[in-house]
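Text of my_file.txt (compact mmCIF, C-alpha atoms) as supplied:
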# COMPACT_ATOMS: atom_id res chain seq x y z
CA MET A 1 0.00 0.00 0.00
CA ARG A 2 2.91 2.32 0.82
CA ARG A 3 4.42 1.74 -2.59
CA ILE A 4 1.09 2.46 -4.27
CA SER A 5 0.80 5.72 -2.37
CA ALA A 6 4.35 6.59 -3.38
CA TYR A 7 3.54 6.04 -7.03
CA TYR A 8 0.41 8.17 -6.80
CA ILE A 9 2.21 11.06 -5.18
CA SER A 10 5.25 10.79 -7.42
CA ALA A 11 3.16 10.89 -10.55
CA LEU A 12 1.00 13.71 -9.26
CA ILE A 13 3.84 16.01 -8.22
CA LEU A 14 5.91 15.28 -11.30
CA LEU A 15 2.97 16.08 -13.58
CA ILE A 16 2.12 19.30 -11.79
CA THR A 17 5.63 20.62 -11.36
CA GLY A 18 6.67 19.47 -14.79
CA SER A 19 4.16 21.81 -16.38
CA VAL A 20 5.31 24.69 -14.17
CA MET A 21 8.95 24.11 -15.01
CA THR A 22 8.46 23.94 -18.74
CA GLU A 23 6.89 27.41 -18.68
CA ALA A 24 10.17 28.82 -17.36
CA GLN A 25 12.29 27.14 -19.97
CA THR A 26 11.25 28.81 -23.13
CA GLN A 27 14.58 30.59 -23.52
CA THR A 28 17.97 29.37 -22.37
CA PRO A 29 20.49 32.07 -21.36
CA ASP A 30 24.28 31.52 -21.35
CA THR A 31 24.51 31.77 -17.59
CA VAL A 32 22.01 31.60 -14.77
CA VAL A 33 22.12 32.95 -11.26
CA ILE A 34 21.54 30.17 -8.77
CA PRO A 35 20.86 31.00 -5.14
CA LEU A 36 22.63 28.61 -2.79
CA LYS A 37 20.47 27.86 0.22
CA ILE A 38 20.45 26.49 3.69
CA ARG A 39 17.33 24.41 4.17
CA ALA A 40 15.52 23.36 7.31
CA GLY A 41 12.79 20.81 6.90
CA VAL A 42 10.38 18.67 8.87
CA GLU A 43 8.83 15.36 7.90
CA VAL A 44 5.05 15.63 8.11
CA THR A 45 3.59 12.14 7.69
CA GLY A 46 4.94 10.89 11.03
CA PRO A 47 2.97 13.38 13.18
CA ILE A 48 -0.11 13.00 10.93
CA ILE A 49 -0.02 9.21 11.29
CA TYR A 50 0.37 9.65 15.05
CA LEU A 51 -2.98 11.47 15.12
CA THR A 52 -4.67 8.29 13.92
CA ASP A 53 -2.32 5.72 15.46
CA LYS A 54 -1.01 6.62 18.91
CA ASN A 55 1.21 3.54 18.90
CA ASN A 56 3.59 4.93 16.32
CA LEU A 57 5.25 8.32 16.72
CA ASN A 58 7.97 9.25 14.26
CA THR A 59 9.35 12.77 14.09
CA GLU A 60 12.15 13.82 11.80
CA GLY A 61 13.81 17.02 10.72
CA PHE A 62 16.85 18.02 8.75
CA ILE A 63 19.11 20.86 7.75
CA SER A 64 21.04 20.95 4.52
CA ALA A 65 23.37 23.39 2.86
CA ASP A 66 24.15 23.74 -0.83
CA LEU A 67 27.82 23.43 -1.71
CA ASN A 68 27.09 24.30 -5.31
CA GLU A 69 24.20 24.06 -7.76
CA ARG A 70 24.23 20.26 -7.69
CA ILE A 71 25.55 19.06 -4.34
CA GLY A 72 24.38 19.75 -0.82
CA LEU A 73 25.34 18.49 2.61
CA PHE A 74 22.57 16.87 4.66
CA LEU A 75 22.17 16.37 8.40
CA GLY A 76 18.97 14.87 9.78
CA ALA A 77 17.74 13.76 13.17
CA GLY A 78 14.61 12.34 14.65
CA TYR A 79 12.85 10.57 17.47
CA SER A 80 10.70 7.48 17.27
CA ASP A 81 8.42 5.79 19.79
CA TYR A 82 7.04 2.57 18.38
CA LYS A 83 4.60 0.19 20.06
CA TYR A 84 3.27 -3.04 18.61
CA SER A 85 0.97 -5.73 19.95
CA GLN A 86 0.16 -9.11 18.55
CA TYR A 87 -1.82 -12.01 19.97
CA ASN A 88 0.98 -13.22 22.24
CA TYR A 89 3.29 -10.28 22.85
CA ASP A 90 3.70 -6.53 23.28
CA TYR A 91 6.70 -4.71 21.94
CA ASN A 92 8.21 -1.24 22.50
CA SER A 93 11.07 0.47 20.72
CA LYS A 94 12.02 4.09 21.22
CA GLY A 95 15.06 6.21 20.60
CA PHE A 96 16.84 8.74 18.46
CA PHE A 97 18.45 8.59 15.06
CA LEU A 98 20.91 10.70 13.13
CA LYS A 99 21.54 10.82 9.40
CA ALA A 100 24.36 12.50 7.56
CA GLY A 101 25.11 12.52 3.87
CA VAL A 102 25.03 14.26 0.56
CA ASP A 103 22.19 15.33 -1.74
CA PHE A 104 22.71 15.30 -5.49
CA ASN A 105 20.46 17.40 -7.72
CA PHE A 106 20.13 15.84 -11.16
CA LEU A 107 18.24 18.77 -12.67
CA LYS A 108 20.10 21.11 -14.97
CA PRO A 109 20.77 24.48 -13.27
CA GLU A 110 18.63 26.39 -15.78
CA LYS A 111 15.74 24.07 -14.95
CA ALA A 112 16.30 23.89 -11.21
CA MET A 113 16.94 27.64 -10.75
CA GLY A 114 17.45 26.96 -7.05
CA LYS A 115 13.74 26.22 -6.73
CA TYR A 116 13.44 22.64 -7.87
CA TRP A 117 15.31 19.60 -6.73
CA ALA A 118 15.06 16.18 -8.30
CA GLY A 119 17.79 13.83 -7.34
CA VAL A 120 19.00 11.41 -4.74
CA GLY A 121 20.28 11.68 -1.21
CA LEU A 122 22.87 9.22 0.06
CA ARG A 123 23.06 8.95 3.83
CA TYR A 124 24.64 7.09 6.68
CA GLY A 125 22.30 6.54 9.59
CA LEU A 126 22.88 5.86 13.25
CA SER A 127 20.05 4.69 15.49
CA SER A 128 20.32 4.63 19.28
CA PHE A 129 17.32 3.10 20.98
CA THR A 130 15.90 0.79 23.61
CA SER A 131 13.91 -2.29 22.72
CA GLU A 132 11.80 -4.27 25.15
CA ILE A 133 9.09 -6.91 25.32
CA PRO A 134 6.88 -5.89 28.26
CA SER A 135 4.68 -8.95 27.83
CA LEU A 136 5.30 -12.30 26.19
CA LYS A 137 2.83 -15.15 26.57
CA TYR A 138 4.12 -18.65 25.93
CA GLU A 139 2.28 -21.92 26.17
CA ASN A 140 3.36 -25.49 25.47
CA TYR A 141 3.07 -28.96 26.99
CA TRP A 142 4.93 -27.92 30.15
CA VAL A 143 3.94 -24.38 30.93
CA SER A 144 1.61 -21.49 30.28
CA ILE A 145 3.61 -18.43 31.26
CA THR A 146 3.58 -14.70 30.80
CA THR A 147 7.03 -13.25 30.97
CA SER A 148 8.88 -10.14 29.78
CA VAL A 149 12.23 -9.15 28.37
CA ALA A 150 13.82 -6.13 30.03
CA PRO A 151 14.77 -3.07 27.93
CA SER A 152 18.06 -3.36 26.11
CA THR A 153 19.96 -0.51 24.48
CA TYR A 154 21.09 -0.89 20.88
CA LEU A 155 23.21 1.13 18.49
CA SER A 156 22.55 0.22 14.88
CA HIS A 157 23.95 1.53 11.60
CA TYR A 158 22.39 1.73 8.17
CA LEU A 159 22.75 3.28 4.74
CA GLU A 160 19.96 5.14 3.01
CA ALA A 161 19.34 6.16 -0.59
CA SER A 162 16.53 8.68 -0.96
CA PRO A 163 15.53 9.62 -4.48
CA GLY A 164 12.90 12.31 -4.48
CA PHE A 165 11.63 15.69 -5.55
CA LYS A 166 11.22 19.12 -3.95
CA ALA A 167 9.63 22.22 -5.37
CA GLU A 168 9.47 25.77 -4.03
CA ILE A 169 5.78 26.55 -3.86
CA PHE A 170 6.01 29.82 -1.93
CA ARG A 171 8.93 32.22 -1.63
CA ASN A 172 11.61 30.32 0.33
CA PHE A 173 9.17 27.54 1.18
CA SER A 174 9.31 24.11 -0.46
CA MET A 175 7.46 20.85 -0.31
CA GLY A 176 8.66 17.51 -1.51
CA TRP A 177 8.84 13.80 -1.10
CA SER A 178 11.45 11.12 -1.10
CA VAL A 179 11.37 7.37 -1.37
CA ASN A 180 13.67 5.83 1.21
CA ILE A 181 15.58 2.64 0.52
CA ARG A 182 17.60 1.50 3.52
CA LYS A 183 20.16 -1.21 4.05
CA LEU A 184 20.89 -2.31 7.60
CA LEU A 185 24.63 -2.61 8.19
CA TYR A 186 24.57 -3.67 11.83
CA SER A 187 21.54 -4.35 14.01
CA GLY A 188 23.41 -3.68 17.25
CA THR A 189 22.54 -7.07 18.68
CA GLY A 190 25.24 -9.38 17.36
CA SER A 191 22.57 -12.07 17.42
CA LYS A 192 19.57 -12.78 15.24
CA ASP A 193 17.61 -14.21 18.16
CA ALA A 194 17.02 -11.02 20.12
CA ARG A 195 16.71 -8.85 17.04
CA PRO A 196 14.48 -5.77 17.55
CA ILE A 197 11.31 -5.56 15.47
CA TYR A 198 11.67 -1.85 14.78
CA PHE A 199 14.71 0.42 14.45
CA PRO A 200 14.10 4.19 14.82
CA GLY A 201 15.02 5.91 11.58
CA TYR A 202 15.41 2.62 9.75
CA GLY A 203 12.00 0.99 10.11
CA SER A 204 10.97 -2.64 10.26
CA GLY A 205 13.68 -4.98 11.51
CA GLU A 206 12.50 -7.87 9.36
CA GLY A 207 15.02 -8.41 6.59
CA SER A 208 18.14 -6.40 5.86
CA MET A 209 16.34 -3.81 3.70
CA SER A 210 13.51 -1.45 4.49
CA PHE A 211 11.48 0.94 2.38
CA GLY A 212 9.52 4.06 3.18
CA ILE A 213 8.34 7.38 1.91
CA SER A 214 8.73 10.82 3.44
CA TYR A 215 7.04 14.13 2.78
CA PHE A 216 8.84 17.29 3.79
CA LEU A 217 7.97 20.92 4.43
CA VAL A 218 11.14 22.94 3.92
CA TRP A 219 12.15 26.49 4.80
CA ASN A 220 14.85 27.81 2.48
CA ILE A 221 17.37 30.47 3.49
CA PRO A 222 19.39 31.84 0.54
CA PHE A 223 22.91 32.70 1.65
CA LYS A 224 24.84 33.17 -1.58
CA LYS A 225 24.28 33.55 -5.29
CA ILE A 226 26.49 31.92 -7.86
CA LEU A 227 26.68 32.29 -11.59
CA VAL A 228 26.43 28.98 -13.37
CA GLU A 229 27.25 28.51 -17.02
CA VAL A 230 24.54 26.82 -19.01
CA LYS A 231 25.76 23.97 -21.12
CA LYS A 232 24.05 24.31 -24.43
CA GLU A 233 23.26 21.27 -26.43
CA GLU A 234 25.11 21.38 -29.73
CA PRO A 235 22.77 21.18 -32.68
CA VAL A 236 23.02 17.99 -34.66
CA GLU A 237 24.64 18.65 -38.00
CA THR A 238 22.78 17.23 -40.95
CA GLU A 239 24.55 16.53 -44.20
CA GLU A 240 23.11 18.39 -47.10
CA THR A 241 22.91 16.47 -50.29
CA GLU A 242 22.71 18.27 -53.53
CA THR A 243 20.41 16.93 -56.09
CA GLN A 244 20.64 17.94 -59.64
CA MET B 1 0.54 27.95 -9.12
CA ARG B 2 -2.43 27.99 -6.79
CA SER B 3 -3.52 24.59 -8.06
CA LEU B 4 0.01 23.32 -7.47
CA ARG B 5 -0.11 24.35 -3.82
CA SER B 6 -3.52 22.88 -3.16
CA ASN B 7 -2.73 19.67 -5.01
CA CYS B 8 0.49 19.20 -3.08
CA LEU B 9 -1.38 19.61 0.20
CA VAL B 10 -4.03 17.14 -0.91
CA ALA B 11 -1.32 14.71 -1.99
CA VAL B 12 0.38 14.85 1.40
CA VAL B 13 -2.88 14.30 3.25
CA ILE B 14 -3.87 11.36 1.02
CA ALA B 15 -0.45 9.79 1.39
CA ALA B 16 -0.56 10.12 5.15
CA ILE B 17 -3.97 8.45 5.29
CA LEU B 18 -2.77 5.61 3.06
CA GLN B 19 0.31 5.12 5.17
CA GLY B 20 -1.72 5.10 8.35
CA THR B 21 -4.25 2.58 7.15
CA SER B 22 -1.71 0.23 5.55
CA CYS B 23 -0.23 -0.98 8.85
CA THR B 24 -2.81 -3.66 9.66
CA PRO B 25 -1.42 -6.71 11.47
CA GLN B 26 -1.15 -9.93 9.49
CA SER B 27 -1.75 -13.44 10.77
CA CYS B 28 1.00 -15.84 11.83
CA LEU B 29 1.34 -18.88 9.58
CA GLU B 30 4.64 -20.22 10.94
CA GLU B 31 5.48 -22.82 13.58
CA THR B 32 5.91 -21.04 16.91
CA ILE B 33 6.89 -23.82 19.35
CA ALA B 34 10.43 -25.20 19.30
CA GLU B 35 10.53 -28.91 20.14
CA ILE B 36 13.20 -31.60 20.02
CA LYS B 37 12.62 -33.66 16.89
CA VAL B 38 13.41 -37.32 17.42
CA PRO B 39 12.93 -39.91 14.68
CA LEU B 40 12.74 -43.52 15.84
CA TYR B 41 15.16 -45.98 14.22
CA LEU B 42 15.23 -49.74 14.54
CA SER B 43 18.78 -50.45 15.69
CA SER B 44 19.02 -53.77 13.80
CA THR B 45 18.19 -52.26 10.42
CA LYS B 46 19.19 -48.60 11.02
CA ILE B 47 16.04 -47.45 9.26
CA ILE B 48 13.14 -45.40 10.57
CA GLN B 49 10.42 -47.68 11.85
CA ALA B 50 7.39 -47.02 14.01
CA PRO B 51 7.13 -49.22 17.10
CA ASP B 52 4.03 -51.36 17.57
CA SER B 53 3.10 -49.24 20.59
CA LEU B 54 4.47 -45.94 21.88
CA THR B 55 3.69 -44.07 25.07
CA LEU B 56 5.40 -40.77 25.92
CA TYR B 57 4.90 -38.28 28.73
CA GLY B 58 6.80 -35.71 30.74
CA ILE B 59 7.92 -36.45 34.28
CA ASN B 60 5.97 -34.27 36.76
CA SER B 61 3.88 -32.74 34.00
CA GLY B 62 0.22 -32.09 34.59
CA SER B 63 -0.59 -32.12 30.89
CA GLY B 64 -0.99 -35.86 30.54
CA LYS B 65 0.53 -38.05 27.89
CA ILE B 66 1.96 -36.84 24.60
CA HIS B 67 1.39 -40.26 23.09
CA ASN B 68 -0.62 -43.07 24.68
CA LYS B 69 -0.11 -46.53 23.18
CA ALA B 70 0.08 -44.87 19.81
CA THR B 71 0.84 -46.77 16.64
CA GLY B 72 2.50 -45.61 13.44
CA VAL B 73 4.61 -42.96 15.16
CA THR B 74 7.98 -42.61 13.42
CA LYS B 75 9.02 -39.30 14.99
CA VAL B 76 8.38 -37.91 18.46
CA LEU B 77 8.52 -34.27 19.47
CA LEU B 78 9.86 -33.44 22.93
CA PRO B 79 8.74 -30.02 24.22
CA LEU B 80 10.94 -28.23 26.75
CA ASP B 81 10.04 -25.97 29.66
CA PRO B 82 11.69 -22.53 29.08
CA SER B 83 11.33 -21.67 32.77
CA ALA B 84 13.43 -24.69 33.79
CA GLU B 85 16.88 -26.03 32.93
CA THR B 86 16.00 -29.69 32.76
CA CYS B 87 13.12 -31.84 31.58
CA GLY B 88 12.46 -35.55 31.99
CA PHE B 89 10.44 -37.87 29.80
CA VAL B 90 9.21 -41.42 30.12
CA ILE B 91 9.08 -43.31 26.84
CA ARG B 92 7.49 -46.75 26.61
CA ILE B 93 8.25 -48.61 23.40
CA ASN B 94 6.46 -51.91 22.81
CA GLY B 95 5.69 -52.19 26.53
CA THR B 96 9.25 -51.52 27.78
CA THR B 97 9.91 -48.26 29.59
CA ASP B 98 12.91 -45.95 29.45
CA THR B 99 13.59 -42.54 30.97
CA LEU B 100 15.29 -39.51 29.41
CA LEU B 101 16.67 -36.51 31.27
CA ILE B 102 17.69 -33.46 29.22
CA TRP B 103 19.63 -30.39 30.35
CA TYR B 104 19.43 -27.26 28.23
CA ASP B 105 19.50 -23.45 28.02
CA SER B 106 16.58 -21.35 26.76
CA PHE B 107 16.56 -17.96 25.07
CA THR B 108 14.04 -15.75 23.29
CA HIS B 109 13.98 -15.73 19.51
CA LEU B 110 12.11 -13.46 17.12
CA ILE B 111 10.23 -15.56 14.57
CA SER B 112 8.61 -12.67 12.73
CA LYS B 113 6.67 -9.53 13.52
CA GLU B 114 3.40 -11.42 13.00
CA CYS B 115 4.38 -14.50 15.00
CA GLY B 116 6.32 -12.67 17.66
CA TYR B 117 8.90 -14.15 19.97
CA THR B 118 9.30 -17.73 21.11
CA PHE B 119 11.87 -19.72 23.06
CA TYR B 120 14.69 -21.59 21.41
CA HIS B 121 16.90 -24.01 23.33
CA THR B 122 20.45 -25.30 23.25
CA ILE B 123 20.93 -28.87 24.45
CA ASP B 124 23.58 -29.17 27.10
CA SER B 125 23.50 -32.86 27.97
CA LEU B 126 21.35 -35.96 27.94
CA ILE B 127 21.17 -39.13 30.01
CA TYR B 128 18.83 -42.08 29.49
CA THR B 129 18.16 -45.63 30.53
CA LYS B 130 18.75 -48.50 28.11
CA ASN B 131 15.95 -50.99 28.67
CA ILE B 132 14.72 -50.94 25.07
CA ILE B 133 16.65 -47.94 23.81
CA ASP B 134 19.95 -48.97 22.29
CA THR B 135 21.38 -45.50 21.68
CA ILE B 136 20.31 -41.87 21.52
CA LYS B 137 22.50 -39.84 19.17
CA ILE B 138 22.54 -36.06 19.45
CA LYS B 139 22.47 -34.81 15.86
CA ASN B 140 21.80 -31.11 16.43
CA ARG B 141 21.91 -29.30 19.78
CA SER B 142 19.95 -26.28 18.55
CA VAL B 143 16.25 -26.74 19.18
CA THR B 144 14.34 -24.40 16.91
CA THR B 145 11.07 -24.23 15.00
CA ILE B 146 12.88 -25.49 11.90
CA ASN B 147 12.13 -29.09 11.01
CA GLU B 148 15.60 -30.53 11.70
CA GLU B 149 16.48 -33.78 13.44
CA ASN B 150 17.87 -33.14 16.94
CA PHE B 151 18.13 -36.61 18.47
CA ARG B 152 18.02 -40.06 16.91
CA ILE B 153 16.64 -42.91 19.03
CA LEU B 154 17.73 -46.40 18.05
CA TYR B 155 15.69 -49.12 19.79
Once more with this new file: its structure as structure tokens, please.
Amino acid sequence: MRRISAYYISALILLITGSVMTEAQTQTPDTVVIPLKIRAGVEVTGPIIYLTDKNNLNTEGFISADLNERIGLFLGAGYSDYKYSQYNYDYNSKGFFLKAGVDFNFLKPEKAMGKYWAGVGLRYGLSSFTSEIPSLKYENYWVSITTSVAPSTYLSHYLEASPGFKAEIFRNFSMGWSVNIRKLLYSGTGSKDARPIYFPGYGSGEGSMSFGISYFLVWNIPFKKILVEVKKEEPVETEETETQ
Amino acid sequence: MRSLRSNCLVAVVIAAILQGTSCTPQSCLEETIAEIKVPLYLSSTKIIQAPDSLTLYGINSGSGKIHNKATGVTKVLLPLDPSAETCGFVIRINGTTDTLLIWYDSFTHLISKECGYTFYHTIDSLIYTKNIIDTIKIKNRSVTTINEENFRILY
């Protein structure tokens, strides 16, 4: 269902913003002025989901700074409080996560104009959290017991690739989404038996990959303008043939 | 531009609703109890063969018999108590009784998010009487929900 929603949103935003961008591309100058920006953003789906599901709180924010018209540094952080109950157990996981990496804008400068970003973010993530099983019911031939597993602290590492899109919809205010593909490097347990079900910042602990989607509201602070040369596409030469 | 703003807001709200409603729990379809898997071999032929009669129960267990004069049983499953470090079983094969005592460690194991946690065990040691049992071979000390042979009884 999450993937379907991602496709819907991706298609919708690309269609809408695509038409806006093409209006600004009727003429291509030799150089363009690109404002480099510091961005501060918050992820919005986590708090919205929390309004309907009090068992799952995920808050996340980030700051990023453009190094040039294509590359920006990214630093993100968040807090997660995850609760899950099934027929025979309750589970809690809560803690903080940090992400650091680089954002690459694949749009040409004359198309991006400092307002649009379509690219990929590559990040290293660190998740520090406690995981506990407050209640675990177990029944077999010998016993019918209810026990618990005390909180344990974990430090896990993961990599994240986040292709996505952002568009400035008001002056210095952007919205955008990213699809998040994560690879768990180290669960922090050293054992598969006591593996946590949920890692803050990473997601579901089942499998070594996790997927998600994020929607961001971003405040942009321009701090410098740079002049970027526009690479013009050379016209394709066609051979003229004379006919007599 | 106005339509862009409103559409983006609608998109975010729709996506949030979809995300929120997509997290419904699924049912558990996996084995959740780890038991010692013990196929029964006839020592003279070294092939699996069901005894004519098999009775099996735990010592000091209030749950009754696991098997009671059962026929056609080629593999027995020995459950372990995760709150104890040892379990004893009485096994009666073709009217002759033997006793098994097993020492082990228990630890929690995550099966899956749907199935939750269970207890796995590591066999430490085993002693048994030899009235009808010829030998019990320990093939795999890890007692899990996976269908792997742990002990092999030759009678």
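Comparing A:Ser131, A:Ala100, A:Thr52, A:Asp193 by their smallest distance to His121 (chain B), the closest is A:Asp193 (using only C-alpha atoms).
By only C-alpha atoms, and with residues fewer than 6 positions from Gly95 (chain B) along its chain excluded, the set lying at most 9 Å from it is Ser53, Leu54, Thr55 and Lys69 of chain B.
Counting all atoms listed in the file, the residue from A:Glu160, A:Glu132, A:Glu229, A:Glu69 that sits nearest to Pro196 (chain A) is A:Glu132.
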Show me, as a ChimeraX atom specification, the residues that have an atom within 6 Å of Phe151 (chain B) when counting all atoms listed in the file, minus same-chain residues fewer than 6 positions from it. /B:38,137-139
Distance query Leu107 (chain A) at most 12 Å, all atoms listed in the file, self and fewer than 5 positions along chain excluded, as a ChimeraX atom specification: /A:18,21,69-71,112-120,164-167
Name all residues at most 12 Å from Leu57 (chain A) (count all atoms listed in the file; drop same-chain ones fewer than 2 positions away) and give them as number ranges by chain. A: 43-55, 59-60, 78-84, 92-96, 200-201, 203; B: 20
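Here CA of Asn56 (chain A) and CA of Val102 (chain A) stand 28.2 Å from one another.
Our summary of the geometry notes that CA of His157 (chain A) is positioned 19.3 Å from CA of Asp103 (chain A).
The smallest atom-to-atom distance between chain A and any of B:Thr129, B:Thr96, B:Thr145, B:Ser27, using only C-alpha atoms, is found for B:Ser27.
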List every protein, DNA or RNA residue that has at least one atom no more than 6 Å from (7.8, 15.3, -0.7) in the file's coordinates, counting only C-alpha atoms, and write the result as JSON, numbers by chain. {"A": [175, 176, 177, 178, 215, 216]}
Restricting it to C-alpha atoms, dump the selection as a short mmCIF file (atom, residue, chain, number, x, y, z; two decimals), keeping the file's coordinate frame.
data_model
loop_
_atom_site.label_atom_id
_atom_site.label_comp_id
_atom_site.auth_asym_id
_atom_site.auth_seq_id
_atom_site.Cartn_x
_atom_site.Cartn_y
_atom_site.Cartn_z
CA MET A 175 7.46 20.85 -0.31
CA GLY A 176 8.66 17.51 -1.51
CA TRP A 177 8.84 13.80 -1.10
CA SER A 178 11.45 11.12 -1.10
CA TYR A 215 7.04 14.13 2.78
CA PHE A 216 8.84 17.29 3.79
#
For Lys37 (chain A), list every protein, DNA or RNA residue within 9 Å, evaluated using only C-alpha atoms, and leave out those in the same chain fewer than 6 positions away; present the list as an MDAnalysis selection string. chainID A and resid 64:67 114 220:225
For Ala50 (chain B), which residue among B:Thr135, B:Gly64, B:Thr71, B:Glu35 is the nearest when counting only C-alpha atoms? B:Thr71
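With all atoms listed in the file as the atoms that count, the residue of A:Ser135, A:Ser191, A:Ser214, A:Ser174 with the shortest distance to Tyr87 (chain A) is A:Ser135.
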Using the incomplete input, complete region 132-143 of chain B to the level of N, CA and C atoms; output as a PDB file, keeping the file's coordinate frame.
ATOM      1  N   ILE B 132      14.997 -50.584  26.466  1.00  0.00           N
ATOM      2  CA  ILE B 132      14.720 -50.940  25.070  1.00  0.00           C
ATOM      3  C   ILE B 132      15.508 -50.037  24.118  1.00  0.00           C
ATOM      4  N   ILE B 133      15.853 -48.858  24.637  1.00  0.00           N
ATOM      5  CA  ILE B 133      16.650 -47.940  23.810  1.00  0.00           C
ATOM      6  C   ILE B 133      18.083 -48.458  23.722  1.00  0.00           C
ATOM      7  N   ASP B 134      18.568 -48.551  22.509  1.00  0.00           N
ATOM      8  CA  ASP B 134      19.950 -48.970  22.290  1.00  0.00           C
ATOM      9  C   ASP B 134      20.880 -47.774  22.430  1.00  0.00           C
ATOM     10  N   THR B 135      20.556 -46.702  21.673  1.00  0.00           N
ATOM     11  CA  THR B 135      21.380 -45.500  21.680  1.00  0.00           C
ATOM     12  C   THR B 135      20.506 -44.280  21.394  1.00  0.00           C
ATOM     13  N   ILE B 136      20.882 -43.155  21.959  1.00  0.00           N
ATOM     14  CA  ILE B 136      20.310 -41.870  21.520  1.00  0.00           C
ATOM     15  C   ILE B 136      21.467 -41.015  21.031  1.00  0.00           C
ATOM     16  N   LYS B 137      21.450 -40.695  19.753  1.00  0.00           N
ATOM     17  CA  LYS B 137      22.500 -39.840  19.170  1.00  0.00           C
ATOM     18  C   LYS B 137      22.013 -38.398  19.126  1.00  0.00           C
ATOM     19  N   ILE B 138      22.868 -37.492  19.575  1.00  0.00           N
ATOM     20  CA  ILE B 138      22.540 -36.060  19.450  1.00  0.00           C
ATOM     21  C   ILE B 138      23.038 -35.597  18.085  1.00  0.00           C
ATOM     22  N   LYS B 139      22.108 -35.238  17.213  1.00  0.00           N
ATOM     23  CA  LYS B 139      22.470 -34.810  15.860  1.00  0.00           C
ATOM     24  C   LYS B 139      22.605 -33.298  15.747  1.00  0.00           C
ATOM     25  N   ASN B 140      21.782 -32.576  16.513  1.00  0.00           N
ATOM     26  CA  ASN B 140      21.800 -31.110  16.430  1.00  0.00           C
ATOM     27  C   ASN B 140      21.344 -30.550  17.789  1.00  0.00           C
ATOM     28  N   ARG B 141      22.219 -29.797  18.432  1.00  0.00           N
ATOM     29  CA  ARG B 141      21.910 -29.300  19.780  1.00  0.00           C
ATOM     30  C   ARG B 141      20.985 -28.091  19.775  1.00  0.00           C
ATOM     31  N   SER B 142      20.805 -27.463  18.634  1.00  0.00           N
ATOM     32  CA  SER B 142      19.950 -26.280  18.550  1.00  0.00           C
ATOM     33  C   SER B 142      18.507 -26.682  18.305  1.00  0.00           C
ATOM     34  N   VAL B 143      17.669 -26.387  19.282  1.00  0.00           N
ATOM     35  CA  VAL B 143      16.250 -26.740  19.180  1.00  0.00           C
ATOM     36  C   VAL B 143      15.488 -25.499  18.727  1.00  0.00           C
TER      37      VAL B 143
END
